[in-house]
file structure_36.txt (compact mmCIF, C-alpha atoms and all ligand atoms)
# COMPACT_ATOMS: atom_id res chain seq x y z
CA MET N 20 139.95 79.16 98.46
CA ASN N 21 143.48 80.26 97.78
CA GLY N 22 145.91 80.66 94.88
CA ARG N 23 145.80 79.91 91.21
CA GLU N 24 143.83 76.82 90.15
CA ILE N 25 145.35 73.38 89.88
CA LEU N 26 144.76 71.77 86.48
CA ILE N 27 143.90 68.09 86.24
CA ALA N 28 143.98 66.41 82.83
CA GLY N 29 141.46 63.55 82.86
CA GLY N 30 138.11 63.21 84.59
CA GLY N 31 138.13 59.44 85.18
CA ILE N 32 137.92 57.90 88.64
CA GLY N 33 141.45 59.05 89.50
CA GLY N 34 141.09 62.63 88.24
CA LEU N 35 137.77 63.16 90.04
CA ALA N 36 139.04 61.66 93.31
CA ALA N 37 142.06 63.99 93.17
CA ALA N 38 139.85 66.99 92.40
CA LEU N 39 137.62 66.23 95.36
CA ALA N 40 140.52 65.66 97.73
CA LEU N 41 142.17 68.94 96.68
CA ALA N 42 138.89 70.85 96.98
CA GLN N 43 138.51 69.52 100.52
CA LYS N 44 141.85 71.20 101.23
CA GLY N 45 140.53 74.48 99.87
CA ARG N 46 142.33 74.38 96.52
CA LYS N 47 140.76 75.60 93.31
CA VAL N 48 140.75 72.88 90.64
CA ARG N 49 139.88 72.65 86.96
CA VAL N 50 139.33 69.18 85.48
CA LEU N 51 140.03 69.07 81.75
CA GLU N 52 138.35 66.04 80.19
CA LYS N 53 138.86 65.04 76.57
CA ALA N 54 135.47 63.33 76.17
CA ALA N 55 132.32 65.36 75.51
CA GLU N 56 130.85 64.03 78.76
CA PHE N 57 132.30 62.88 82.05
CA GLY N 58 131.51 59.16 82.29
CA GLU N 59 132.56 55.54 82.67
CA ILE N 60 131.95 52.25 80.86
CA GLY N 61 128.98 50.10 81.85
CA TYR N 62 130.62 47.30 83.85
CA GLY N 63 131.48 46.42 87.42
CA ILE N 64 134.47 47.23 89.58
CA GLN N 65 135.73 45.74 92.85
CA MET N 66 136.57 47.93 95.81
CA GLY N 67 138.63 46.64 98.75
CA PRO N 68 138.63 47.96 102.32
CA ASN N 69 141.73 50.01 101.55
CA VAL N 70 139.78 52.18 99.13
CA ALA N 71 136.55 52.18 101.13
CA ARG N 72 138.62 54.00 103.77
CA MET N 73 139.62 56.61 101.15
CA LEU N 74 136.06 57.00 99.85
CA GLU N 75 134.93 57.71 103.38
CA ARG N 76 137.58 60.44 103.69
CA LEU N 77 136.26 61.89 100.45
CA GLY N 78 132.76 61.89 101.93
CA VAL N 79 131.21 59.65 99.24
CA LEU N 80 131.22 56.18 100.80
CA LYS N 81 127.76 56.47 102.36
CA SER N 82 126.16 57.65 99.14
CA LEU N 83 127.72 54.74 97.20
CA GLU N 84 126.48 52.09 99.59
CA SER N 85 122.95 51.96 98.21
CA ALA N 86 124.30 51.11 94.74
CA ALA N 87 126.94 48.68 96.02
CA VAL N 88 126.76 44.93 96.57
CA PHE N 89 128.60 43.39 99.53
CA PRO N 90 129.54 39.81 98.57
CA ASP N 91 129.83 37.22 101.33
CA ALA N 92 133.13 35.81 100.04
CA LEU N 93 135.79 36.01 97.35
CA ILE N 94 135.92 32.50 95.89
CA PHE N 95 138.71 31.07 93.79
CA ALA N 96 137.71 27.95 91.80
CA ASP N 97 139.39 25.74 89.24
CA ALA N 98 137.95 26.36 85.77
CA LEU N 99 138.59 22.77 84.60
CA SER N 100 136.88 21.03 87.53
CA ASN N 101 134.62 23.84 88.81
CA ASP N 102 135.82 22.90 92.34
CA GLU N 103 136.21 25.64 94.92
CA LEU N 104 139.90 25.92 95.87
CA SER N 105 139.87 28.73 98.40
CA ARG N 106 137.84 31.63 99.70
CA ILE N 107 138.28 34.87 101.58
CA SER N 108 135.35 35.27 103.97
CA LEU N 109 134.09 38.84 103.95
CA GLY N 110 132.12 38.62 107.19
CA ASP N 111 132.66 39.99 110.67
CA ALA N 112 136.28 38.83 111.07
CA PHE N 113 137.19 40.61 107.82
CA LEU N 114 135.44 43.78 108.96
CA GLU N 115 137.15 43.65 112.32
CA ARG N 116 140.61 43.22 110.74
CA TYR N 117 140.28 45.84 108.00
CA LYS N 118 137.65 48.17 109.53
CA PHE N 119 135.90 48.58 106.17
CA ARG N 120 133.96 46.17 103.97
CA TYR N 121 134.71 44.86 100.51
CA PHE N 122 132.16 45.84 97.89
CA VAL N 123 131.49 45.71 94.17
CA ILE N 124 129.78 48.46 92.25
CA HIS N 125 128.83 49.52 88.76
CA ARG N 126 131.56 51.81 87.40
CA ARG N 127 128.95 54.42 86.46
CA ASP N 128 127.67 54.48 90.04
CA LEU N 129 131.19 54.94 91.43
CA HIS N 130 132.19 57.57 88.87
CA GLY N 131 128.75 59.22 89.17
CA GLY N 132 129.10 59.42 92.96
CA LEU N 133 132.47 61.15 92.62
CA LEU N 134 131.14 63.41 89.86
CA ASP N 135 128.11 64.50 91.93
CA ALA N 136 130.39 65.28 94.86
CA CYS N 137 132.67 67.32 92.57
CA LYS N 138 129.66 69.26 91.21
CA ARG N 139 128.70 70.23 94.75
CA ARG N 140 132.12 71.85 95.40
CA GLU N 141 132.49 75.47 94.38
CA GLU N 142 136.27 74.99 94.18
CA ILE N 143 135.92 72.60 91.21
CA VAL N 144 135.32 73.54 87.57
CA LEU N 145 134.56 70.65 85.23
CA SER N 146 135.52 71.22 81.59
CA PRO N 147 134.39 68.45 79.20
CA SER N 148 135.57 68.49 75.55
CA HIS N 149 138.89 69.90 76.74
CA GLY N 150 141.59 67.37 75.85
CA LEU N 151 145.07 68.35 76.97
CA LYS N 152 147.18 68.86 73.86
CA SER N 153 150.38 70.31 75.27
CA PHE N 154 151.74 72.22 78.25
CA LYS N 155 154.71 74.29 79.22
CA GLN N 156 156.13 75.22 82.60
CA GLU N 157 157.60 78.51 83.73
CA LYS N 158 158.80 79.40 87.20
CA ASP N 159 155.49 79.25 89.04
CA VAL N 160 152.93 78.59 86.36
CA VAL N 161 151.97 75.74 84.04
CA THR N 162 150.25 76.75 80.80
CA VAL N 163 148.04 74.13 79.16
CA THR N 164 146.73 74.20 75.61
CA CYS N 165 143.68 72.09 74.83
CA ASP N 166 142.72 70.39 71.59
CA ASN N 167 139.74 72.76 71.23
CA GLY N 168 142.10 75.76 71.26
CA ALA N 169 141.40 76.83 74.85
CA GLY N 170 144.34 77.70 77.09
CA TYR N 171 144.69 77.78 80.90
CA GLU N 172 147.32 78.89 83.33
CA GLY N 173 147.51 76.83 86.49
CA ALA N 174 149.65 76.61 89.58
CA ALA N 175 150.33 72.93 88.77
CA LEU N 176 149.24 70.13 86.45
CA ILE N 177 148.21 66.60 87.38
CA GLY N 178 148.12 64.10 84.52
CA ALA N 179 145.25 61.73 85.34
CA ASP N 180 144.78 61.03 81.66
CA GLY N 181 144.92 57.25 81.74
CA LEU N 182 146.87 54.45 80.10
CA TRP N 183 147.78 56.43 76.97
CA SER N 184 148.52 59.62 78.93
CA PRO N 185 149.97 62.44 76.84
CA THR N 186 151.12 64.07 80.07
CA ARG N 187 153.23 60.98 80.78
CA GLN N 188 154.81 61.22 77.36
CA ALA N 189 155.88 64.78 78.11
CA VAL N 190 157.13 63.92 81.61
CA ILE N 191 158.69 60.46 81.13
CA GLY N 192 158.52 59.88 77.37
CA ASP N 193 158.62 56.09 77.59
CA GLY N 194 156.32 55.34 74.65
CA ALA N 195 153.48 52.85 74.49
CA PRO N 196 152.53 50.67 77.46
CA ARG N 197 153.40 46.94 77.48
CA MET N 198 150.81 44.73 75.83
CA ALA N 199 150.24 41.69 78.02
CA GLY N 200 148.56 39.60 75.31
CA HIS N 201 145.48 39.23 77.51
CA TYR N 202 142.02 39.97 76.08
CA VAL N 203 138.90 40.69 78.09
CA TYR N 204 135.25 40.11 77.17
CA ARG N 205 132.54 41.56 79.38
CA GLY N 206 128.81 41.40 79.84
CA VAL N 207 126.22 42.64 82.33
CA VAL N 208 122.96 40.69 82.23
CA PRO N 209 119.77 40.66 84.35
CA ASP N 210 120.24 38.47 87.40
CA ALA N 211 117.20 36.37 86.42
CA GLN N 212 119.14 35.07 83.38
CA ILE N 213 121.80 33.39 85.54
CA VAL N 214 121.29 29.63 85.48
CA ASP N 215 123.86 28.33 88.00
CA ARG N 216 123.02 30.16 91.23
CA SER N 217 125.20 28.09 93.54
CA ARG N 218 127.66 30.96 94.23
CA ILE N 219 125.29 33.84 93.58
CA GLY N 220 126.16 35.83 96.71
CA SER N 221 129.92 35.75 96.17
CA MET N 222 132.54 37.22 93.90
CA THR N 223 133.84 34.14 92.06
CA ILE N 224 136.91 33.77 89.93
CA TRP N 225 137.55 30.54 88.00
CA GLY N 226 141.20 30.15 86.96
CA GLY N 227 142.18 27.89 84.07
CA PRO N 228 144.93 27.38 81.49
CA ASP N 229 145.40 30.75 79.77
CA LEU N 230 141.94 31.90 80.84
CA HIS N 231 139.76 32.97 83.71
CA MET N 232 136.18 33.98 84.36
CA VAL N 233 134.89 36.44 86.99
CA GLN N 234 131.29 36.85 88.18
CA TYR N 235 129.67 39.12 90.72
CA ARG N 236 126.34 40.88 91.08
CA LEU N 237 125.79 44.63 90.88
CA GLN N 238 123.07 47.17 91.63
CA GLY N 239 121.59 45.50 94.67
CA GLY N 240 121.75 42.11 92.92
CA ALA N 241 119.62 43.19 89.94
CA VAL N 242 122.32 42.36 87.37
CA MET N 243 125.30 40.03 87.05
CA ASN N 244 128.69 41.30 85.89
CA ASN N 245 130.60 38.71 83.85
CA VAL N 246 134.21 38.98 82.70
CA ALA N 247 136.05 36.38 80.62
CA THR N 248 139.78 36.85 80.04
CA ILE N 249 142.12 34.88 77.80
CA CYS N 250 145.91 34.96 77.38
CA SER N 251 146.16 34.75 73.63
CA ARG N 252 148.23 31.82 72.36
CA ARG N 253 147.84 33.26 68.87
CA MET N 254 149.60 36.40 70.00
CA ARG N 255 152.47 34.37 71.49
CA ARG N 256 152.78 32.47 68.18
CA GLY N 257 152.57 35.68 66.13
CA GLU N 258 149.37 34.55 64.37
CA PRO N 259 146.56 36.77 63.04
CA ASN N 260 143.40 37.64 65.02
CA PRO N 261 144.85 37.28 68.53
CA GLY N 262 142.16 37.26 71.21
CA ALA N 263 139.30 37.08 68.67
CA PRO N 264 135.96 35.56 69.80
CA ASP N 265 136.81 32.19 68.23
CA GLU N 266 139.98 32.03 70.35
CA LEU N 267 137.83 32.74 73.41
CA GLU N 268 135.66 29.70 72.54
CA GLU N 269 138.74 27.62 71.70
CA LEU N 270 140.45 28.22 75.06
CA PHE N 271 137.28 27.79 77.11
CA ALA N 272 136.49 24.47 75.33
CA ARG N 273 138.52 22.59 77.98
CA THR N 274 136.72 24.14 80.95
CA HIS N 275 134.00 22.48 83.04
CA PRO N 276 130.57 22.76 81.28
CA GLY N 277 129.28 24.86 84.18
CA VAL N 278 132.10 27.38 83.68
CA ARG N 279 131.94 27.33 79.88
CA ASP N 280 128.23 28.03 80.11
CA ASN N 281 129.02 31.46 81.60
CA LEU N 282 130.41 32.56 78.24
CA ARG N 283 126.83 33.08 77.11
CA TYR N 284 126.73 36.15 79.38
CA VAL N 285 129.65 38.02 77.76
CA SER N 286 129.32 40.10 74.62
CA ARG N 287 131.54 39.30 71.62
CA GLU N 288 131.05 42.79 70.19
CA ARG N 289 134.24 44.20 71.63
CA ASN N 290 137.18 43.18 73.76
CA TRP N 291 139.71 45.05 75.88
CA VAL N 292 143.42 44.50 75.32
CA LEU N 293 145.31 44.57 78.61
CA HIS N 294 148.43 46.64 79.17
CA ASP N 295 150.69 47.65 82.02
CA ARG N 296 154.10 49.26 82.48
CA ASP N 297 157.23 48.49 84.43
CA PRO N 298 157.25 50.66 87.59
CA ALA N 299 158.80 54.09 87.00
CA THR N 300 160.55 56.40 89.45
CA ASN N 301 160.13 59.75 87.72
CA TRP N 302 156.48 60.74 87.47
CA THR N 303 157.16 64.29 88.52
CA GLU N 304 158.77 67.14 86.68
CA GLY N 305 158.63 70.53 88.34
CA ARG N 306 154.96 71.35 88.96
CA VAL N 307 153.64 68.48 86.90
CA THR N 308 152.93 64.99 88.18
CA LEU N 309 151.03 61.85 87.17
CA LEU N 310 148.29 59.90 88.91
CA GLY N 311 146.42 56.60 88.46
CA ASP N 312 146.90 54.67 85.24
CA ALA N 313 148.99 57.49 83.80
CA ALA N 314 151.56 56.86 86.55
CA HIS N 315 151.35 53.12 87.20
CA PRO N 316 149.00 51.17 84.91
CA THR N 317 148.50 47.61 86.12
CA LEU N 318 146.90 44.38 84.99
CA GLN N 319 143.61 43.81 86.79
CA TYR N 320 144.56 40.65 88.68
CA LEU N 321 144.45 42.30 92.09
CA ALA N 322 141.53 44.52 91.03
CA GLN N 323 143.40 47.56 92.33
CA GLY N 324 144.04 49.97 89.41
CA ALA N 325 141.23 52.36 90.26
CA GLN N 326 141.81 51.87 93.96
CA MET N 327 145.42 52.97 93.58
CA ALA N 328 144.23 56.01 91.60
CA ILE N 329 141.88 57.00 94.43
CA GLU N 330 144.56 56.46 97.09
CA ASP N 331 146.90 58.59 94.92
CA GLY N 332 144.43 61.47 94.92
CA VAL N 333 144.00 61.48 98.70
CA VAL N 334 147.75 61.31 99.38
CA LEU N 335 148.53 63.97 96.80
CA ALA N 336 146.05 66.42 98.33
CA GLU N 337 147.49 65.84 101.79
CA LYS N 338 151.00 66.69 100.56
CA VAL N 339 149.77 69.77 98.69
CA ALA N 340 148.00 71.00 101.81
CA ALA N 341 151.24 70.63 103.76
CA VAL N 342 153.39 72.89 101.53
CA GLY N 343 151.45 75.97 100.51
CA GLU N 344 152.60 76.80 96.98
CA ASP N 345 155.70 74.61 96.66
CA TYR N 346 154.07 72.10 94.34
CA HIS N 347 157.30 70.44 93.28
CA ARG N 348 158.06 69.56 96.88
CA ALA N 349 154.53 68.26 97.45
CA PHE N 350 154.57 66.19 94.25
CA MET N 351 157.95 64.65 95.08
CA ALA N 352 156.69 63.66 98.55
CA TYR N 353 153.53 62.21 96.96
CA GLN N 354 155.54 60.25 94.39
CA ARG N 355 157.90 58.89 97.06
CA GLU N 356 155.01 57.66 99.12
CA ARG N 357 153.05 56.10 96.26
CA MET N 358 155.90 54.57 94.27
CA ASN N 359 156.53 51.29 96.06
CA ARG N 360 152.93 50.54 96.94
CA SER N 361 151.79 51.00 93.33
CA ALA N 362 154.86 49.11 92.04
CA ARG N 363 153.97 46.21 94.33
CA VAL N 364 150.46 46.18 92.88
CA VAL N 365 151.80 46.17 89.29
CA LEU N 366 154.32 43.38 89.92
CA SER N 367 152.03 41.27 92.16
CA SER N 368 149.27 41.57 89.54
CA ARG N 369 151.63 40.09 86.95
CA PHE N 370 152.39 37.25 89.37
CA PHE N 371 148.71 36.59 90.06
CA GLY N 372 148.07 36.64 86.30
CA GLU N 373 150.52 33.72 86.06
CA TYR N 374 149.10 31.98 89.12
CA ILE N 375 145.52 32.10 87.87
CA HIS N 376 146.35 30.91 84.34
CA VAL N 377 148.64 27.89 84.91
CA ASP N 378 148.23 24.34 83.56
CA GLY N 379 149.78 20.90 84.15
CA GLY N 380 152.04 20.42 87.16
CA ALA N 381 151.94 24.12 88.04
CA ARG N 382 148.14 23.88 88.24
CA GLU N 383 148.38 20.87 90.58
CA LEU N 384 150.74 22.77 92.86
CA ARG N 385 148.63 25.94 92.74
CA ASN N 386 145.50 23.99 93.64
CA GLU N 387 147.19 22.28 96.56
CA LEU N 388 148.49 25.60 97.89
CA ALA N 389 145.13 27.30 97.37
CA ARG N 390 143.25 24.53 99.19
CA GLY N 391 145.45 25.02 102.25
CA ARG N 392 144.61 28.70 102.55
CA ASP N 393 142.98 30.11 105.69
CA PRO N 394 139.75 31.94 104.65
CA HIS N 395 140.27 34.39 107.49
CA HIS N 396 143.86 35.26 106.65
CA PRO N 397 144.24 36.54 103.09
CA TRP N 398 148.03 36.90 103.42
CA GLU N 399 148.60 37.84 99.78
CA VAL N 400 146.40 40.93 99.98
CA ASP N 401 146.72 41.69 103.69
CA TRP N 402 149.31 44.43 103.03
CA LEU N 403 146.90 46.01 100.55
CA TYR N 404 143.67 45.76 102.48
CA LYS N 405 145.19 47.22 105.65
CA GLY N 406 145.32 50.47 103.73
CA ILE N 407 147.62 53.45 103.98
CA ASP N 408 148.57 56.02 106.51
CA VAL N 409 147.61 59.40 105.05
CA ASN N 410 149.99 61.97 106.52
CA ASP N 411 151.53 65.38 105.86
CA ARG N 412 155.16 64.21 106.00
CA LEU N 413 157.25 65.73 103.21
C1 LIG C 501 139.09 44.34 82.76
C2 LIG C 501 139.47 45.33 83.83
C3 LIG C 501 138.98 45.16 85.11
C4 LIG C 501 139.36 46.05 86.11
N1 LIG C 501 138.86 45.86 87.36
C5 LIG C 501 139.23 46.70 88.34
C6 LIG C 501 138.72 46.52 89.66
O1 LIG C 501 137.93 45.62 89.91
N2 LIG C 501 139.13 47.39 90.63
C7 LIG C 501 140.00 48.42 90.35
O2 LIG C 501 140.33 49.18 91.27
N3 LIG C 501 140.49 48.61 89.11
C8 LIG C 501 140.12 47.79 88.11
N4 LIG C 501 140.60 47.99 86.84
C9 LIG C 501 141.53 49.11 86.59
C10 LIG C 501 140.81 50.45 86.46
O3 LIG C 501 139.82 50.37 85.46
C11 LIG C 501 141.80 51.56 86.10
O4 LIG C 501 142.97 51.42 86.84
C12 LIG C 501 141.18 52.93 86.39
O5 LIG C 501 140.02 53.11 85.62
C13 LIG C 501 142.19 54.03 86.14
O6 LIG C 501 141.58 55.28 86.39
P1 LIG C 501 142.26 56.61 85.87
O7 LIG C 501 141.36 57.71 86.29
O8 LIG C 501 143.69 56.65 86.26
O9 LIG C 501 142.27 56.47 84.28
P2 LIG C 501 141.04 56.40 83.27
O10 LIG C 501 139.89 55.72 83.88
O11 LIG C 501 141.59 55.82 82.00
O12 LIG C 501 140.64 57.90 83.03
C14 LIG C 501 141.42 58.75 82.23
C15 LIG C 501 140.53 59.90 81.77
O13 LIG C 501 141.37 60.83 81.05
C16 LIG C 501 140.71 61.22 79.87
N5 LIG C 501 141.75 61.65 78.93
C17 LIG C 501 142.54 60.90 78.13
N6 LIG C 501 143.37 61.68 77.44
C18 LIG C 501 143.11 62.96 77.81
C19 LIG C 501 143.63 64.22 77.44
N7 LIG C 501 144.60 64.35 76.52
N8 LIG C 501 143.15 65.33 78.04
C20 LIG C 501 142.15 65.24 78.98
N9 LIG C 501 141.60 64.05 79.33
C21 LIG C 501 142.08 62.94 78.76
C22 LIG C 501 139.92 59.99 79.45
O14 LIG C 501 138.86 60.33 78.58
C23 LIG C 501 139.44 59.48 80.81
O15 LIG C 501 138.23 60.08 81.21
C24 LIG C 501 140.25 47.12 85.82
C25 LIG C 501 140.73 47.29 84.52
C26 LIG C 501 140.35 46.40 83.53
C27 LIG C 501 140.89 46.60 82.16

call {"tool": "encode", "arguments": {"input": "structure_36.txt", "output": "structure tokens"}}
result
Amino acid sequence: MNGREILIAGGGIGGLAAALALAQKGRKVRVLEKAAEFGEIGYGIQMGPNVARMLERLGVLKSLESAAVFPDALIFADALSNDELSRISLGDAFLERYKFRYFVIHRRDLHGGLLDACKRREEIVLSPSHGLKSFKQEKDVVTVTCDNGAGYEGAALIGADGLWSPTRQAVIGDGAPRMAGHYVYRGVVPDAQIVDRSRIGSMTIWGGPDLHMVQYRLQGGAVMNNVATICSRRMRRGEPNPGAPDELEELFARTHPGVRDNLRYVSRERNWVLHDRDPATNWTEGRVTLLGDAAHPTLQYLAQGAQMAIEDGVVLAEKVAAVGEDYHRAFMAYQRERMNRSARVVLSSRFFGEYIHVDGGARELRNELARGRDPHHPWEVDWLYKGIDVNDRL
């Protein structure tokens, strides 16, 4: 272990992946987490071969496999007709092309796997109930003050503090993220409750006018993860209660009965309001940088937000290892390498949000194009799934 510790604000998936990657390079790390406990919400998350490659580097892939589910295909279906439009086969040809498999996993299992690995590293100190309040930089030290009054001096600070990142506000100062007007309802139910079992082994997404539904199994197939998303027309019209449960019912009323029936599996108790940001070019200031949603929050339509955060952590650690104590140089190299890939995810996700949610003539065209797709050549995600070259170039 060498040098002063690196401070990470935020112990989500991104912050923990970065901590682990830095510890593997022999750096001392302190993770400051605002919440009283390190944890994640109780729903599923999709992991492509690009991130499986990173999880293997971090030494956690094997331990996650027992909790993961490996679907046989990613199916895209029309929500009005319930017809399958296209699929990406996740079998041998996929494995041969991308070297790693696609899997889905409960967020708590993924986060828990990273957390356990962090706890095993003597280089890492985990500090719950330590929300970053402010920081200041001097020549070779960053001093952080926490909301509980504690203070730390670190060699550098990484803001992995999520969509509403206070670190970002100090570094970029670009205010609140962009509200997309999309609202998400989720539910995880025992597998035995699922009535239509025709696509049970796949990850299925039904796209419809201003809505979509996603279903895949978790925890060895014991439970089904269900996600219903709507693009609020009320919000576009400036009306009250945008995205409320009755708007969910209203928009899904047009869908095929077999699709609409899936709404019984999502809870109406809360919804998530989706945000993203236009890609930025200035995540780094001196010895402070941003990572994950703090740097490049995205809509979920490529299911890559957490995957980008994990890739960020691995690349960042590689650059840090290459420079010794010149953190600014390392962070600039990291930012350069991550900027366009994460920007492409943000902008492509917006495009796929449009593509999934179209109606009328655009829906006809989309369906025709989707039907012509080769299940063994997922061209639109090929660049993503091939993964990244992790290197020490500065
Ligand atoms: C509906 C939906 C589905 C999604 N599906 C997928 C998917 O299938 N695959 C995928 O890869 N991504 C998916 N994502 C995106 C993914 O959830 C996020 O991109 C990812 O969780 C970001 O991780 P993060 O660590 O950067 O931020 P977060 O997970 O937000 O973690 C930030 C952490 O910082 C802490 N924090 C906040 N403020 C402070 C502070 N001041 N000081 C200290 N700590 C602080 C928080 O408590 C939290 O623990 C989805 C998102 C949504 C909304």

call {"tool": "atom_distance", "arguments": {"input": "structure_36.txt", "atom1": "atom CA of N:Ser221", "atom2": "atom CA of N:Leu384"}}
result
24.8 Å

call {"tool": "closest_residue", "arguments": {"input": "structure_36.txt", "among": "N:Val207, N:Met73, N:Leu230, N:Leu80", "to": "N:Ile60", "atoms": "all atoms listed in the file"}}
result
N:Val207

call {"tool": "closest_residue", "arguments": {"input": "structure_36.txt", "among": "N:Asn290, N:Asn101, N:Gln65, N:Ser85", "to": "N:Gln238", "atoms": "all atoms listed in the file"}}
result
N:Ser85

call {"tool": "residues_near_ligand", "arguments": {"input": "structure_36.txt", "ligand": "ligand LIG 501 (chain C)", "cutoff": "6 Å", "atoms": "all atoms listed in the file", "output": "MDAnalysis selection string"}}
result
chainID N and resid 28:34 51:54 64:66 150:152 179:182 184:185 203 311:313 319 322:326 328

call {"tool": "closest_residue", "arguments": {"input": "structure_36.txt", "among": "N:Leu282, N:Ala87, N:Ala199, N:Val307", "to": "N:Leu26", "atoms": "all atoms listed in the file"}}
result
N:Val307

call {"tool": "closest_atom_pairs", "arguments": {"input": "structure_36.txt", "of": "stretch 93-152 of chain N", "to": "stretch 329-338 of chain N", "cutoff": "12 Å", "atoms": "only C-alpha atoms", "output": "CSV"}}
result
residue,atom,partner,partner_atom,distance
N:Leu129,CA,N:Ile329,CA,11.3
N:His130,CA,N:Ile329,CA,11.2
N:Leu133,CA,N:Ile329,CA,10.4

call {"tool": "atom_distance", "arguments": {"input": "structure_36.txt", "atom1": "atom CA of N:Ala349", "atom2": "atom CA of N:Gly406"}}
result
21.0 Å

call {"tool": "atom_distance", "arguments": {"input": "structure_36.txt", "atom1": "atom CA of N:Leu83", "atom2": "atom CA of N:Ala136"}}
result
11.1 Å

call {"tool": "residues_around", "arguments": {"input": "structure_36.txt", "residues": "N:Gly170", "least_positions_apart": "6", "cutoff": "10 Å", "atoms": "only C-alpha atoms", "output": "ChimeraX atom specification"}}
result
/N:149,151-154,162-164

call {"tool": "residues_around", "arguments": {"input": "structure_36.txt", "residues": "N:Arg106", "least_positions_apart": "4", "cutoff": "12 Å", "atoms": "all atoms listed in the file", "output": "PyMOL selection string"}}
result
chain N and resi 90-96+102+110+218+221-225+389-397

call {"tool": "axis_aligned_box", "arguments": {"input": "structure_36.txt", "around": "stretch 379-390 of chain N", "padding_each_side": "5 Å", "output": "lines of an AutoDock Vina configuration file"}}
result
center_x = 147.6
center_y = 23.9
center_z = 91.7
size_x = 18.8
size_y = 16.9
size_z = 25.0

call {"tool": "decode", "arguments": {"input": "structure_36.txt", "residues": "stretch 117-140 of chain N", "atoms": "C-alpha atoms", "output": "PDB file, in the first residue's frame"}}
result
ATOM      1  CA  TYR N 117     -18.146 -11.660 -27.127  1.00  0.00           C
ATOM      2  CA  LYS N 118     -16.214 -14.182 -24.979  1.00  0.00           C
ATOM      3  CA  PHE N 119     -18.514 -13.568 -21.998  1.00  0.00           C
ATOM      4  CA  ARG N 120     -22.187 -14.317 -21.383  1.00  0.00           C
ATOM      5  CA  TYR N 121     -25.105 -11.985 -20.840  1.00  0.00           C
ATOM      6  CA  PHE N 122     -26.741 -12.327 -17.442  1.00  0.00           C
ATOM      7  CA  VAL N 123     -29.361 -10.752 -15.218  1.00  0.00           C
ATOM      8  CA  ILE N 124     -29.040 -10.476 -11.469  1.00  0.00           C
ATOM      9  CA  HIS N 125     -30.729  -9.022  -8.431  1.00  0.00           C
ATOM     10  CA  ARG N 126     -29.160  -5.629  -7.678  1.00  0.00           C
ATOM     11  CA  ARG N 127     -28.571  -6.656  -4.061  1.00  0.00           C
ATOM     12  CA  ASP N 128     -26.636  -9.718  -5.215  1.00  0.00           C
ATOM     13  CA  LEU N 129     -24.451  -7.625  -7.533  1.00  0.00           C
ATOM     14  CA  HIS N 130     -23.876  -4.854  -4.996  1.00  0.00           C
ATOM     15  CA  GLY N 131     -23.439  -7.445  -2.212  1.00  0.00           C
ATOM     16  CA  GLY N 132     -20.816  -9.302  -4.261  1.00  0.00           C
ATOM     17  CA  LEU N 133     -18.835  -6.088  -4.757  1.00  0.00           C
ATOM     18  CA  LEU N 134     -19.295  -5.125  -1.100  1.00  0.00           C
ATOM     19  CA  ASP N 135     -18.039  -8.511   0.158  1.00  0.00           C
ATOM     20  CA  ALA N 136     -15.004  -8.227  -2.097  1.00  0.00           C
ATOM     21  CA  CYS N 137     -14.320  -4.706  -0.778  1.00  0.00           C
ATOM     22  CA  LYS N 138     -14.600  -5.938   2.836  1.00  0.00           C
ATOM     23  CA  ARG N 139     -11.938  -8.548   2.128  1.00  0.00           C
ATOM     24  CA  ARG N 140      -9.404  -5.883   1.015  1.00  0.00           C
TER      25      ARG N 140
END
